[in-house]
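*Asks:* Sharing model-v7.cif (mmCIF, C-alpha atoms) below.
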```cif
data_upload
#
loop_
_atom_site.label_atom_id
_atom_site.label_comp_id
_atom_site.auth_asym_id
_atom_site.auth_seq_id
_atom_site.Cartn_x
_atom_site.Cartn_y
_atom_site.Cartn_z
CA MET A 1 48.89 59.25 61.45
CA SER A 2 46.55 60.53 64.17
CA HIS A 3 43.72 60.06 61.70
CA GLU A 4 44.67 56.39 61.40
CA VAL A 5 44.85 56.06 65.17
CA ASN A 6 41.43 57.64 65.51
CA ASP A 7 40.08 55.30 62.85
CA MET A 8 41.51 52.32 64.66
CA ARG A 9 40.12 53.55 67.98
CA THR A 10 36.69 54.04 66.43
CA ARG A 11 36.73 50.55 64.99
CA VAL A 12 37.79 48.99 68.28
CA ILE A 13 35.09 50.92 70.16
CA ARG A 14 32.51 49.86 67.59
CA SER A 15 33.63 46.27 67.88
CA ALA A 16 33.48 46.49 71.69
CA LEU A 17 29.93 47.85 71.52
CA TRP A 18 28.91 44.96 69.29
CA THR A 19 30.50 42.63 71.79
CA LEU A 20 28.54 44.15 74.66
CA LEU A 21 25.34 43.93 72.65
CA ALA A 22 26.05 40.33 71.74
CA LEU A 23 26.84 39.49 75.35
CA PHE A 24 23.54 41.05 76.37
CA LEU A 25 21.68 39.03 73.74
CA ALA A 26 23.51 35.87 74.74
CA ALA A 27 22.84 36.44 78.43
CA PRO A 28 20.05 33.84 78.85
CA ALA A 29 22.46 31.08 77.84
CA VAL A 30 24.91 32.03 80.56
CA ALA A 31 22.52 33.43 83.14
CA GLN A 32 24.38 31.88 86.02
CA THR A 33 26.08 34.45 88.26
CA ILE A 34 29.79 33.74 88.33
CA ARG A 35 31.50 34.87 91.54
CA HIS A 36 34.96 33.44 91.01
CA GLU A 37 37.20 34.93 88.34
CA ILE A 38 39.85 32.68 86.83
CA PHE A 39 43.05 34.38 85.71
CA VAL A 40 43.55 33.43 82.07
CA SER A 41 46.78 34.20 80.22
CA SER A 42 49.01 32.94 77.44
CA PRO A 43 52.70 32.94 76.63
CA THR A 44 51.84 34.38 73.21
CA LEU A 45 48.53 36.22 73.52
CA GLU A 46 47.50 39.26 75.48
CA SER A 47 44.12 40.88 75.94
CA GLY A 48 43.74 43.89 73.68
CA GLU A 49 46.83 42.99 71.65
CA THR A 50 46.98 41.62 68.12
CA MET A 51 47.13 37.85 67.81
CA PRO A 52 50.22 36.51 66.02
CA ARG A 53 49.49 35.35 62.47
CA VAL A 54 50.48 31.79 63.29
CA TYR A 55 47.13 31.41 65.11
CA THR A 56 45.16 32.53 62.06
CA PRO A 57 44.63 31.28 58.51
CA ASP A 58 47.10 33.97 57.44
CA GLY A 59 49.67 31.72 59.11
CA ARG A 60 49.67 28.03 60.08
CA ASN A 61 46.39 28.41 61.95
CA LEU A 62 47.62 26.62 65.06
CA SER A 63 45.58 26.65 68.23
CA PRO A 64 47.24 29.06 70.69
CA PRO A 65 48.59 28.12 74.10
CA ILE A 66 46.32 29.16 76.97
CA THR A 67 47.09 28.99 80.68
CA TRP A 68 44.97 29.54 83.75
CA GLU A 69 45.45 30.14 87.46
CA ARG A 70 43.31 30.56 90.56
CA LEU A 71 40.77 27.86 89.82
CA PRO A 72 38.01 27.80 92.44
CA ALA A 73 38.03 25.06 95.04
CA GLY A 74 35.88 22.17 93.94
CA THR A 75 36.77 22.44 90.25
CA ARG A 76 36.26 19.00 88.71
CA GLU A 77 36.75 19.79 85.05
CA LEU A 78 37.18 22.70 82.67
CA ALA A 79 35.94 23.92 79.32
CA VAL A 80 37.31 26.55 76.94
CA VAL A 81 35.40 28.37 74.22
CA CYS A 82 36.76 30.91 71.74
CA SER A 83 34.04 33.23 70.43
CA ASP A 84 33.83 36.31 68.24
CA PHE A 85 30.80 38.30 69.38
CA GLY A 86 31.23 40.65 66.43
CA ALA A 87 30.43 37.93 63.90
CA GLY A 88 27.95 35.15 63.34
CA ASN A 89 24.26 35.18 62.64
CA PRO A 90 23.26 35.27 65.38
CA PRO A 91 26.52 36.04 67.20
CA PRO A 92 28.85 34.74 68.33
CA TRP A 93 30.89 32.98 65.66
CA VAL A 94 32.63 30.14 67.45
CA HIS A 95 36.25 29.35 66.62
CA TRP A 96 37.01 26.64 69.14
CA ILE A 97 35.39 24.52 71.80
CA ILE A 98 37.15 22.12 74.11
CA TYR A 99 35.60 20.49 77.16
CA GLY A 100 36.13 17.59 79.52
CA ILE A 101 39.52 19.08 80.40
CA PRO A 102 40.88 17.52 83.59
CA ALA A 103 40.94 19.88 86.57
CA THR A 104 44.62 19.03 86.97
CA ALA A 105 45.47 20.75 83.68
CA THR A 106 47.02 24.18 83.95
CA GLY A 107 46.41 25.16 80.38
CA LEU A 108 46.28 24.12 76.76
CA PRO A 109 49.51 23.70 74.80
CA GLU A 110 49.97 25.17 71.34
CA GLU A 111 48.82 23.17 68.31
CA LEU A 112 46.17 20.80 69.55
CA PRO A 113 45.28 18.15 66.95
CA ILE A 114 43.22 18.78 63.85
CA LEU A 115 43.53 15.22 62.53
CA PRO A 116 40.94 12.84 63.93
CA ASP A 117 43.44 10.09 64.69
CA THR A 118 45.88 12.29 66.60
CA PRO A 119 45.48 11.88 70.36
CA MET A 120 45.30 14.73 72.84
CA PRO A 121 48.41 15.38 74.95
CA PRO A 122 48.48 13.17 78.07
CA GLU A 123 47.77 16.07 80.43
CA LEU A 124 44.49 16.65 78.58
CA ALA A 125 43.42 13.00 78.52
CA GLY A 126 39.67 12.81 78.08
CA ALA A 127 39.32 16.32 76.69
CA ILE A 128 37.09 16.66 73.62
CA GLN A 129 37.08 19.33 70.94
CA GLY A 130 33.50 20.30 70.14
CA LEU A 131 32.05 21.72 66.95
CA ASN A 132 33.02 25.26 66.02
CA GLY A 133 31.10 27.60 63.73
CA TRP A 134 32.24 25.61 60.70
CA ARG A 135 30.99 22.49 62.50
CA ARG A 136 34.56 21.19 62.73
CA PRO A 137 35.98 19.58 65.89
CA TYR A 138 39.18 21.62 66.05
CA TYR A 139 40.49 25.15 66.28
CA ARG A 140 40.18 27.54 63.33
CA GLY A 141 41.54 31.00 63.89
CA PRO A 142 40.35 34.50 63.11
CA ALA A 143 39.48 35.38 59.52
CA PRO A 144 37.62 38.69 59.85
CA PRO A 145 36.77 40.83 56.84
CA ALA A 146 39.62 43.17 55.94
CA GLY A 147 39.63 46.48 57.71
CA THR A 148 37.60 45.50 60.76
CA PRO A 149 39.34 44.47 63.99
CA HIS A 150 37.56 41.72 65.83
CA LEU A 151 37.88 40.59 69.46
CA TYR A 152 38.37 36.91 70.24
CA HIS A 153 37.14 35.78 73.65
CA PHE A 154 39.00 32.76 74.99
CA THR A 155 36.71 31.92 77.90
CA VAL A 156 37.68 29.35 80.51
CA TYR A 157 34.90 27.73 82.57
CA ALA A 158 35.54 25.87 85.83
CA LEU A 159 32.86 23.24 86.47
CA ASP A 160 31.87 21.60 89.74
CA ALA A 161 31.20 18.14 88.29
CA ASP A 162 32.49 15.56 85.86
CA LEU A 163 29.64 15.91 83.43
CA GLY A 164 30.64 13.11 81.08
CA LEU A 165 29.89 15.29 78.08
CA LYS A 166 29.73 13.52 74.73
CA PRO A 167 31.62 14.50 71.57
CA GLY A 168 30.03 16.80 69.02
CA LEU A 169 28.71 19.59 71.23
CA THR A 170 28.29 23.08 69.83
CA ARG A 171 28.76 26.14 72.03
CA GLU A 172 25.04 26.41 72.58
CA LYS A 173 24.72 22.78 73.63
CA LEU A 174 27.81 23.01 75.80
CA LEU A 175 26.54 26.09 77.64
CA ARG A 176 23.20 24.40 78.17
CA ALA A 177 24.93 21.30 79.51
CA ILE A 178 27.15 23.17 81.95
CA GLU A 179 24.49 25.58 83.15
CA GLY A 180 24.33 25.44 86.93
CA HIS A 181 27.80 23.89 87.15
CA ILE A 182 29.97 26.93 86.41
CA ILE A 183 31.84 27.90 89.57
CA GLY A 184 34.49 30.07 87.96
CA GLN A 185 35.11 31.86 84.69
CA GLY A 186 37.80 33.98 83.06
CA ASP A 187 38.60 35.55 79.69
CA LEU A 188 41.56 36.38 77.51
CA VAL A 189 40.54 38.73 74.68
CA PRO A 190 43.12 39.36 71.96
CA VAL A 191 42.36 41.26 68.75
CA TYR A 192 42.90 40.41 65.09
CA GLU A 193 42.50 42.50 61.98
CA ARG A 194 43.16 41.76 58.33
CA PHE A 195 44.34 44.49 55.99
CA MET B 1 51.97 15.38 64.70
CA THR B 2 51.33 12.31 62.61
CA ASP B 3 53.24 13.24 59.53
CA GLN B 4 53.97 9.65 58.76
CA LYS B 5 50.29 8.97 58.24
CA ARG B 6 48.14 10.04 55.35
CA PRO B 7 45.99 12.99 56.35
CA GLN B 8 42.33 12.88 55.51
CA LEU B 9 40.27 16.02 55.15
CA ILE B 10 37.12 14.07 55.33
CA SER B 11 36.64 10.63 56.74
CA ARG B 12 37.31 8.38 53.80
CA ARG B 13 34.33 6.19 54.49
CA ALA B 14 32.09 9.25 54.74
CA LEU B 15 33.45 10.52 51.46
CA LEU B 16 32.85 7.23 49.73
CA ARG B 17 29.32 7.09 51.03
CA ARG B 18 28.67 10.52 49.57
CA ALA B 19 30.42 9.57 46.38
CA GLY B 20 27.79 7.05 45.44
CA ALA B 21 25.72 9.81 43.90
CA ALA B 22 28.73 11.10 42.02
CA SER B 23 29.35 7.77 40.39
CA ALA B 24 25.83 7.76 39.07
CA ALA B 25 26.28 11.24 37.69
CA ALA B 26 29.06 10.18 35.39
CA ALA B 27 28.51 12.86 32.81
CA ALA B 28 30.48 15.93 33.70
CA GLY B 29 28.30 18.96 33.30
CA THR B 30 29.51 22.51 33.78
CA ALA B 31 26.45 23.82 35.54
CA GLY B 32 27.26 25.19 38.93
CA VAL B 33 30.97 25.60 38.33
CA PRO B 34 31.91 28.65 40.36
CA GLU B 35 33.55 31.62 38.81
CA VAL B 36 37.07 32.33 39.99
CA ALA B 37 38.85 35.22 38.35
CA ALA B 38 41.88 34.37 36.26
CA PHE B 39 45.12 34.80 38.17
CA PRO B 40 47.73 33.11 36.02
CA MET B 41 50.75 31.43 37.52
CA GLU B 42 53.91 33.06 36.33
CA THR B 43 54.83 29.84 34.59
CA ALA B 44 51.40 29.20 33.19
CA GLU B 45 51.24 28.42 29.54
CA THR B 46 48.50 29.82 27.44
CA THR B 47 47.59 26.65 25.69
CA PRO B 48 44.31 27.21 23.88
CA ALA B 49 41.74 24.65 24.90
CA PRO B 50 40.85 22.59 21.89
CA THR B 51 37.22 21.91 21.46
CA SER B 52 36.10 18.37 21.57
CA GLU B 53 32.76 16.95 20.76
CA THR B 54 33.35 13.74 22.58
CA PRO B 55 35.60 13.15 25.56
CA GLN B 56 38.47 10.71 25.51
CA THR B 57 37.41 7.15 25.90
CA THR B 58 40.51 6.02 27.70
CA SER B 59 43.31 7.55 29.60
CA PRO B 60 46.44 7.67 27.47
CA VAL B 61 48.69 7.43 30.46
CA GLY B 62 50.36 4.47 31.97
CA GLY B 63 52.79 6.09 34.38
CA HIS B 64 53.00 9.85 34.65
CA ALA B 65 50.23 11.65 32.91
CA ALA B 66 50.77 13.68 29.78
CA TYR B 67 48.55 16.63 30.42
CA GLU B 68 46.96 18.57 27.63
CA HIS B 69 45.35 21.56 29.27
CA LEU B 70 46.99 21.93 32.66
CA THR B 71 50.54 23.22 32.86
CA ALA B 72 53.08 21.00 34.59
CA GLU B 73 52.94 23.21 37.70
CA GLU B 74 49.16 23.24 37.76
CA ALA B 75 48.96 19.48 37.28
CA GLU B 76 51.48 18.82 40.02
CA LEU B 77 49.56 20.97 42.48
CA LEU B 78 46.22 19.49 41.47
CA GLU B 79 47.61 15.97 41.86
CA ALA B 80 48.76 16.81 45.38
CA ILE B 81 45.34 18.21 46.26
CA ALA B 82 43.53 15.20 44.78
CA ASP B 83 45.85 12.89 46.69
CA GLN B 84 44.74 14.58 49.90
CA LEU B 85 41.05 14.48 49.06
CA ILE B 86 40.96 10.76 48.22
CA PRO B 87 44.26 9.25 49.34
CA ALA B 88 45.36 5.72 48.66
CA ASP B 89 45.24 3.81 51.92
CA GLU B 90 44.54 0.40 53.37
CA VAL B 91 41.04 0.49 51.86
CA GLY B 92 42.37 0.81 48.33
CA PRO B 93 43.76 3.16 45.69
CA GLY B 94 42.85 6.83 45.65
CA ALA B 95 42.15 9.65 43.24
CA LEU B 96 45.59 9.56 41.63
CA ALA B 97 45.38 5.90 40.73
CA ALA B 98 41.92 6.54 39.35
CA GLY B 99 43.31 9.22 37.06
CA ALA B 100 41.06 11.93 38.48
CA VAL B 101 43.46 14.70 37.47
CA VAL B 102 43.73 13.28 33.95
CA TYR B 103 39.94 13.34 33.83
CA ILE B 104 39.93 17.01 34.86
CA ASP B 105 42.65 17.84 32.35
CA ARG B 106 40.84 16.20 29.47
CA SER B 107 37.50 17.66 30.49
CA LEU B 108 38.95 21.17 30.52
CA GLY B 109 39.13 20.75 26.76
CA GLY B 110 35.51 19.71 26.60
CA ALA B 111 32.73 19.59 29.14
CA LEU B 112 34.63 21.64 31.73
CA ALA B 113 36.08 24.21 29.33
CA ASP B 114 34.17 26.95 31.15
CA ALA B 115 36.16 26.11 34.28
CA ARG B 116 39.57 26.61 32.67
CA ASP B 117 40.03 30.13 34.05
CA ALA B 118 38.72 29.02 37.43
CA TYR B 119 41.42 26.37 37.58
CA ARG B 120 44.17 28.66 36.34
CA GLY B 121 43.24 31.42 38.79
CA GLY B 122 42.36 29.17 41.69
CA LEU B 123 45.50 27.04 41.53
CA ALA B 124 47.70 30.12 41.30
CA ALA B 125 45.88 31.67 44.26
CA PHE B 126 46.20 28.47 46.26
CA ASP B 127 49.91 28.31 45.53
CA ARG B 128 50.36 31.89 46.73
CA TYR B 129 48.27 31.18 49.79
CA CYS B 130 50.41 28.20 50.83
CA ARG B 131 53.61 30.18 50.37
CA SER B 132 52.37 33.23 52.27
CA SER B 133 50.67 31.40 55.14
CA ARG B 134 52.85 28.29 55.55
CA GLY B 135 56.06 29.49 53.94
CA ALA B 136 56.38 26.79 51.27
CA PRO B 137 54.62 25.32 48.23
CA PHE B 138 51.82 22.91 49.05
CA ARG B 139 53.78 19.79 48.10
CA GLU B 140 56.57 20.70 50.50
CA LEU B 141 54.31 21.16 53.52
CA SER B 142 53.96 18.54 56.23
CA HIS B 143 50.81 16.42 56.03
CA VAL B 144 49.12 18.29 58.83
CA ASP B 145 49.92 21.64 57.24
CA GLN B 146 48.56 20.41 53.92
CA VAL B 147 45.34 19.42 55.62
CA SER B 148 45.21 22.71 57.51
CA ALA B 149 45.73 24.75 54.33
CA LEU B 150 43.01 22.84 52.51
CA ILE B 151 40.62 23.31 55.42
CA ASP B 152 41.23 27.05 55.25
CA VAL B 153 40.52 27.03 51.52
CA GLU B 154 37.44 24.87 52.05
CA THR B 155 36.03 27.13 54.76
CA GLY B 156 36.67 30.30 52.79
CA ALA B 157 39.28 31.57 55.25
CA ALA B 158 42.12 31.64 52.72
CA THR B 159 41.39 35.12 51.52
CA GLY B 160 44.14 37.12 53.16
CA ALA B 161 47.65 38.12 52.19
CA GLY B 162 46.72 39.06 48.65
CA THR B 163 46.31 35.46 47.55
CA GLY B 164 43.94 36.48 44.81
CA PHE B 165 41.04 34.10 45.29
CA ALA B 166 38.18 35.92 43.67
CA GLY B 167 35.34 35.75 46.13
CA SER B 168 35.49 32.89 48.58
CA SER B 169 38.22 30.27 48.35
CA ALA B 170 35.43 27.84 49.26
CA ALA B 171 34.08 28.07 45.70
CA PHE B 172 37.39 26.90 44.30
CA PHE B 173 37.60 24.06 46.82
CA GLY B 174 34.05 22.96 46.04
CA MET B 175 34.78 22.90 42.32
CA VAL B 176 37.95 20.84 42.71
CA ARG B 177 36.36 18.41 45.15
CA SER B 178 33.41 17.87 42.84
CA HIS B 179 35.62 17.19 39.83
CA VAL B 180 37.94 14.89 41.77
CA LEU B 181 34.89 12.86 42.80
CA GLN B 182 33.72 12.75 39.20
CA GLY B 183 37.17 11.67 38.02
CA THR B 184 37.41 8.95 40.63
CA PHE B 185 33.91 7.51 40.58
CA GLY B 186 32.46 8.53 37.23
CA ASP B 187 32.12 6.27 34.25
CA PRO B 188 35.58 5.49 32.82
CA TYR B 189 34.29 6.58 29.44
CA TYR B 190 34.94 10.15 30.56
CA GLY B 191 38.62 9.59 31.22
CA GLY B 192 38.75 8.92 34.96
CA ASN B 193 38.07 5.89 37.15
CA ARG B 194 41.00 4.19 35.47
CA ASP B 195 40.71 0.41 35.48
CA PHE B 196 37.46 0.85 37.44
CA VAL B 197 39.39 1.45 40.66
CA GLY B 198 36.77 3.95 41.86
CA TRP B 199 33.90 1.55 41.36
CA ASP B 200 35.86 -1.28 42.96
CA LEU B 201 36.56 1.01 45.89
CA ILE B 202 32.86 1.51 46.59
CA LYS B 203 32.05 -2.04 45.51
CA TYR B 204 29.90 -0.89 42.63
CA PRO B 205 29.47 -3.95 40.43
CA GLY B 206 28.80 -1.98 37.26
CA VAL B 207 25.89 -1.18 35.00
CA ARG B 208 23.64 -4.05 34.09
CA THR B 209 20.81 -3.72 31.67
CA SER B 210 19.06 -6.83 32.89
CA VAL B 211 19.15 -8.58 36.21
CA TRP B 212 17.84 -12.01 36.95
CA PRO B 213 17.19 -13.51 40.37
CA ARG B 214 20.58 -15.10 40.83
CA LEU B 215 22.35 -11.78 40.18
CA GLN B 216 19.96 -9.99 42.51
CA THR B 217 20.73 -12.48 45.26
CA GLN B 218 24.46 -12.09 44.69
CA LEU B 219 24.11 -8.30 44.72
CA GLU B 220 22.26 -8.32 48.01
CA ALA B 221 24.84 -10.66 49.50
CA GLY B 222 27.67 -8.44 48.27
CA ASP B 223 28.97 -11.28 46.11
CA LEU B 224 28.18 -9.89 42.70
CA ALA B 225 31.46 -9.71 40.78
CA PRO B 226 32.08 -6.38 39.02
CA ASN B 227 31.64 -6.56 35.26
CA HIS B 228 34.12 -3.72 34.65
CA ARG B 229 32.14 -2.32 31.77
CA SER B 230 31.40 1.27 30.96
CA ALA B 231 27.74 2.10 30.58
CA TYR B 232 28.58 2.99 27.00
CA ASP B 233 29.87 -0.48 26.28
CA SER B 234 26.22 -1.37 26.11
CA GLU B 235 24.37 -0.62 22.92
CA ASN B 236 21.44 0.49 25.04
CA PHE B 237 23.27 3.68 25.97
CA GLU B 238 24.22 6.34 23.52
CA LYS B 239 27.28 8.41 24.20
CA ALA B 240 26.80 11.79 25.77
CA VAL B 241 27.60 14.67 23.50
CA VAL B 242 29.05 17.66 25.29
CA ARG B 243 30.07 20.82 23.56
CA ALA B 244 32.29 23.35 25.24
CA THR B 245 30.30 26.16 23.73
CA SER B 246 27.03 24.88 25.07
CA ARG B 247 25.76 25.01 28.64
CA GLY B 248 23.54 22.09 27.97
CA THR B 249 24.57 18.48 28.18
CA SER B 250 22.58 16.10 26.09
CA HIS B 251 22.56 12.47 27.00
CA GLY B 252 21.43 9.68 24.84
CA ASP B 253 19.84 8.05 27.86
#
```
Take the structure in the file and give it back as structure tokens.
*Replies:*
Amino acid sequence: MSHEVNDMRTRVIRSALWTLLALFLAAPAVAQTIRHEIFVSSPTLESGETMPRVYTPDGRNLSPPITWERLPAGTRELAVVCSDFGAGNPPPWVHWIIYGIPATATGLPEELPILPDTPMPPELAGAIQGLNGWRRPYYRGPAPPAGTPHLYHFTVYALDADLGLKPGLTREKLLRAIEGHIIGQGDLVPVYERF
Amino acid sequence: MTDQKRPQLISRRALLRRAGAASAAAAAGTAGVPEVAAFPMETAETTPAPTSETPQTTSPVGGHAAYEHLTAEEAELLEAIADQLIPADEVGPGALAAGAVVYIDRSLGGALADARDAYRGGLAAFDRYCRSSRGAPFRELSHVDQVSALIDVETGAATGAGTGFAGSSAAFFGMVRSHVLQGTFGDPYYGGNRDFVGWDLIKYPGVRTSVWPRLQTQLEAGDLAPNHRSAYDSENFEKAVVRATSRGTSHGD
């Protein structure tokens, strides 16, 4: 049993090191110094804890509910990106992008649309789902190789302007577009592993 | 969610645009068919695939298809998948009306015989995947869950929970999609595109061996009436001969 725990710990540490390395490599894209930390949470997810299957292709693959608090003054709109810095070539592999979220929103409900003709909930009017790593405009959950736990960064960005961003942005294009406008940021980092 | 509305994996118009090439490639070759390890359904029959030198010229079905190579369970699942890939909607009939699954079934006894195990294994794996991830067989899922499950198969994410896809589930999806396109938009000679519904859908007026100015003008204006003739109705085209035991496909043209 302790051997299994040690194995798990080693894998998590290895994954964390990859994450740090990937963050270092990705640094130029998010070079802006963020002073304000947003508190990001979820009714169903917790940092460091395993994501429920329902948010993965091992279940219904629904987008998870995310909530945020302590937005900085002057927030005009928000963006959320879910990234796995332990995957992708180059990392990260992007699972979800949503931007143009009204500053009045306090979170994202569970199960945002995957069908193109399904509207966003009213509280997210104007929000747009960008292109993930599969180049799809909706959430697709964790599908790591068996035996390797991966960390999933749900990052919330508070922006100081209504940027009028167009549909179809990738993470890279989104980060380029919001560079210089990020006035707050926060993360929720659950784990998922397949056996 | 919008369960009352037909889900579409791919924008139908985008699919039809891409399908133009498929209609031209009417002959169903086996090259590129991905390998998926056999994973028989518990109810699967072990019907030996008869060899056939020439595919069926017409679909024998009027209502429900009488399948020759797919089991009833396999055919039912494949019909549901095809119905999602090219659904009937306000634009026109879809893959089912075109007899795409009948085309696949017949071809599994001929040009697609090499894909028989891929279908048997892939359909069984897909069935297990739907049950383990969504808690029900594919046909019983809501529209949005059907779309979601197919996306996971298409993107190669449907590999967990011991579903048994050999390699990536994306290979199975790609194979099925390709054959559904062939069965919907290929020449009816090969058993699909029943009553030319696929060609009518993309406004393909049919093969013509000679075109004079008036026809050209009508074609460019979109007024050229479809002739509803198989390419092989013309004596200028010889019928393709496809042998299950041969990788090669020889065409008379």
*Asks:* Just to confirm, what's the straight-line distance from CA of Ile104 (chain B) to CA of Ile86 (chain B) in Å (one decimal)?
*Replies:*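 Interatomic distance, CA of Ile104 (chain B) to CA of Ile86 (chain B): 14.8 Å.
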*Asks:* Could you jot down the CA of Leu151 (chain A) to CA of Glu77 (chain A) separation for me, Å, one decimal place?
*Replies:*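 These two atoms are separated by 26.0 Å.
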*Asks:* As a count of residues only, please: the residues near Pro102 (chain A) (cut-off 10 Å, only C-alpha atoms, same-chain neighbours under 2 positions excluded).
*Replies:* 17
*Asks:* Could the residues of chain A within 8 Å of chain B, counting all atoms listed in the file, be given as a list in words, please?
*Replies:*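 Taking all atoms listed in the file into account, Pro57, Asp58, Gly59, Arg60, Asn61, Pro113, Ile114, Leu115, Thr118, Trp134, Ala143, Arg194 and Phe195 of chain A sit within 8 Å of chain B.
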*Asks:* If we draw a sphere of 12 Å around (48.3, 22.8, 75.6), which residues have at least one atom in it when counting all atoms listed in the file? Please report them as a list of chain:residue names.
*Replies:*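 Residues close enough to count: A:Ser42, A:Pro43, A:Leu62, A:Ser63, A:Pro64, A:Pro65, A:Ile66, A:Thr67, A:Trp68, A:Val80, A:Ile98, A:Ile101, A:Ala105, A:Thr106, A:Gly107, A:Leu108, A:Pro109, A:Glu110, A:Glu111, A:Leu112, A:Pro113, A:Met120, A:Pro121, A:Pro122, A:Glu123, A:Leu124, A:Ala125, A:Ala127.
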*Asks:* What's the separation between CA of Phe196 (chain B) and CA of Glu73 (chain B), in Å to one decimal place?
*Replies:*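 Between these atoms lies a distance of 27.2 Å.
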*Asks:* Run the PyMOL selection byres ((chain B and resi 183) around 12) mentally over the shown coordinates, then write out the matched residues as an MDAnalysis selection string, using the chain letters and numbers from the document.
*Replies:* chainID B and resid 19 22:23 25:28 59 79 82 86 94:107 176:182 184:194 196:199
*Asks:* Out of A:Arg171, A:Arg140, A:Pro145, A:Glu69, which residue has the shortest atom-to-atom distance to Ser41 (chain A) when counting all atoms listed in the file?
*Replies:*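 Among the listed residues, A:Glu69 lies closest to Ser41 (chain A).
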*Asks:* Using only C-alpha atoms, find the one residue out of A:Phe39, A:Trp93, A:Tyr138, A:Tyr192 that sits nearest to Thr56 (chain A).
*Replies:*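 Closest residue, counting only C-alpha atoms: A:Tyr192.
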*Asks:* Quick one: apply the PyMOL selection byres ((chain A and resi 37) around 9) to the file and drop the selected residues here as a list in words.
*Replies:*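 Those residues are Ile34, Arg35, His36, Ile38, Phe39, Arg70, Leu71, Pro72, Ile183, Gly184, Gln185, Gly186 and Asp187 of chain A.
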*Asks:* Applied to this file, what does the PyMOL selection byres ((chain B and resi 227) around 8) return in terms of residues, put as a list in words?
*Replies:*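 On this input, the PyMOL selection byres ((chain B and resi 227) around 8) captures Pro205, Gly206, Val207, Ala225, Pro226, His228 and Arg229 of chain B.
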*Asks:* Could you write out as lines of an AutoDock Vina configuration file the box around region 214-226 of chain B (axis-aligned, all atoms listed in the file, 8 Å on each side), with centre and edge lengths in Å to one decimal?
*Replies:*
```
center_x = 26.0
center_y = -10.7
center_z = 44.3
size_x = 28.1
size_y = 24.7
size_z = 26.5
```
*Asks:* Since the input lacks atoms, please generate N, CA and C atoms for region 105-116 of chain B and provide them as an mmCIF file, in the coordinates of the input.
*Replies:*
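The resulting file, out.cif, is shown below:
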```
data_model
loop_
_atom_site.group_PDB
_atom_site.id
_atom_site.type_symbol
_atom_site.label_atom_id
_atom_site.label_comp_id
_atom_site.auth_asym_id
_atom_site.auth_seq_id
_atom_site.Cartn_x
_atom_site.Cartn_y
_atom_site.Cartn_z
ATOM 1 N N ASP B 105 41.875 17.257 33.457
ATOM 2 C CA ASP B 105 42.650 17.840 32.350
ATOM 3 C C ASP B 105 41.940 17.657 31.016
ATOM 4 N N ARG B 106 41.504 16.453 30.742
ATOM 5 C CA ARG B 106 40.840 16.200 29.470
ATOM 6 C C ARG B 106 39.516 16.968 29.386
ATOM 7 N N SER B 107 38.811 17.007 30.504
ATOM 8 C CA SER B 107 37.500 17.660 30.490
ATOM 9 C C SER B 107 37.619 19.170 30.316
ATOM 10 N N LEU B 108 38.762 19.735 30.711
ATOM 11 C CA LEU B 108 38.950 21.170 30.520
ATOM 12 C C LEU B 108 39.006 21.525 29.026
ATOM 13 N N GLY B 109 39.206 20.527 28.198
ATOM 14 C CA GLY B 109 39.130 20.750 26.760
ATOM 15 C C GLY B 109 37.766 20.427 26.187
ATOM 16 N N GLY B 110 36.842 20.071 27.067
ATOM 17 C CA GLY B 110 35.510 19.710 26.600
ATOM 18 C C GLY B 110 34.437 20.200 27.544
ATOM 19 N N ALA B 111 33.879 19.252 28.299
ATOM 20 C CA ALA B 111 32.730 19.590 29.140
ATOM 21 C C ALA B 111 33.036 20.635 30.196
ATOM 22 N N LEU B 112 34.280 20.687 30.664
ATOM 23 C CA LEU B 112 34.630 21.640 31.730
ATOM 24 C C LEU B 112 35.410 22.846 31.190
ATOM 25 N N ALA B 113 35.301 23.099 29.915
ATOM 26 C CA ALA B 113 36.080 24.210 29.330
ATOM 27 C C ALA B 113 35.775 25.536 30.023
ATOM 28 N N ASP B 114 34.533 25.702 30.467
ATOM 29 C CA ASP B 114 34.170 26.950 31.150
ATOM 30 C C ASP B 114 34.929 27.132 32.459
ATOM 31 N N ALA B 115 35.466 26.037 32.985
ATOM 32 C CA ALA B 115 36.160 26.110 34.280
ATOM 33 C C ALA B 115 37.666 26.345 34.114
ATOM 34 N N ARG B 116 38.124 26.489 32.868
ATOM 35 C CA ARG B 116 39.570 26.610 32.670
ATOM 36 C C ARG B 116 40.156 27.800 33.433
#
```
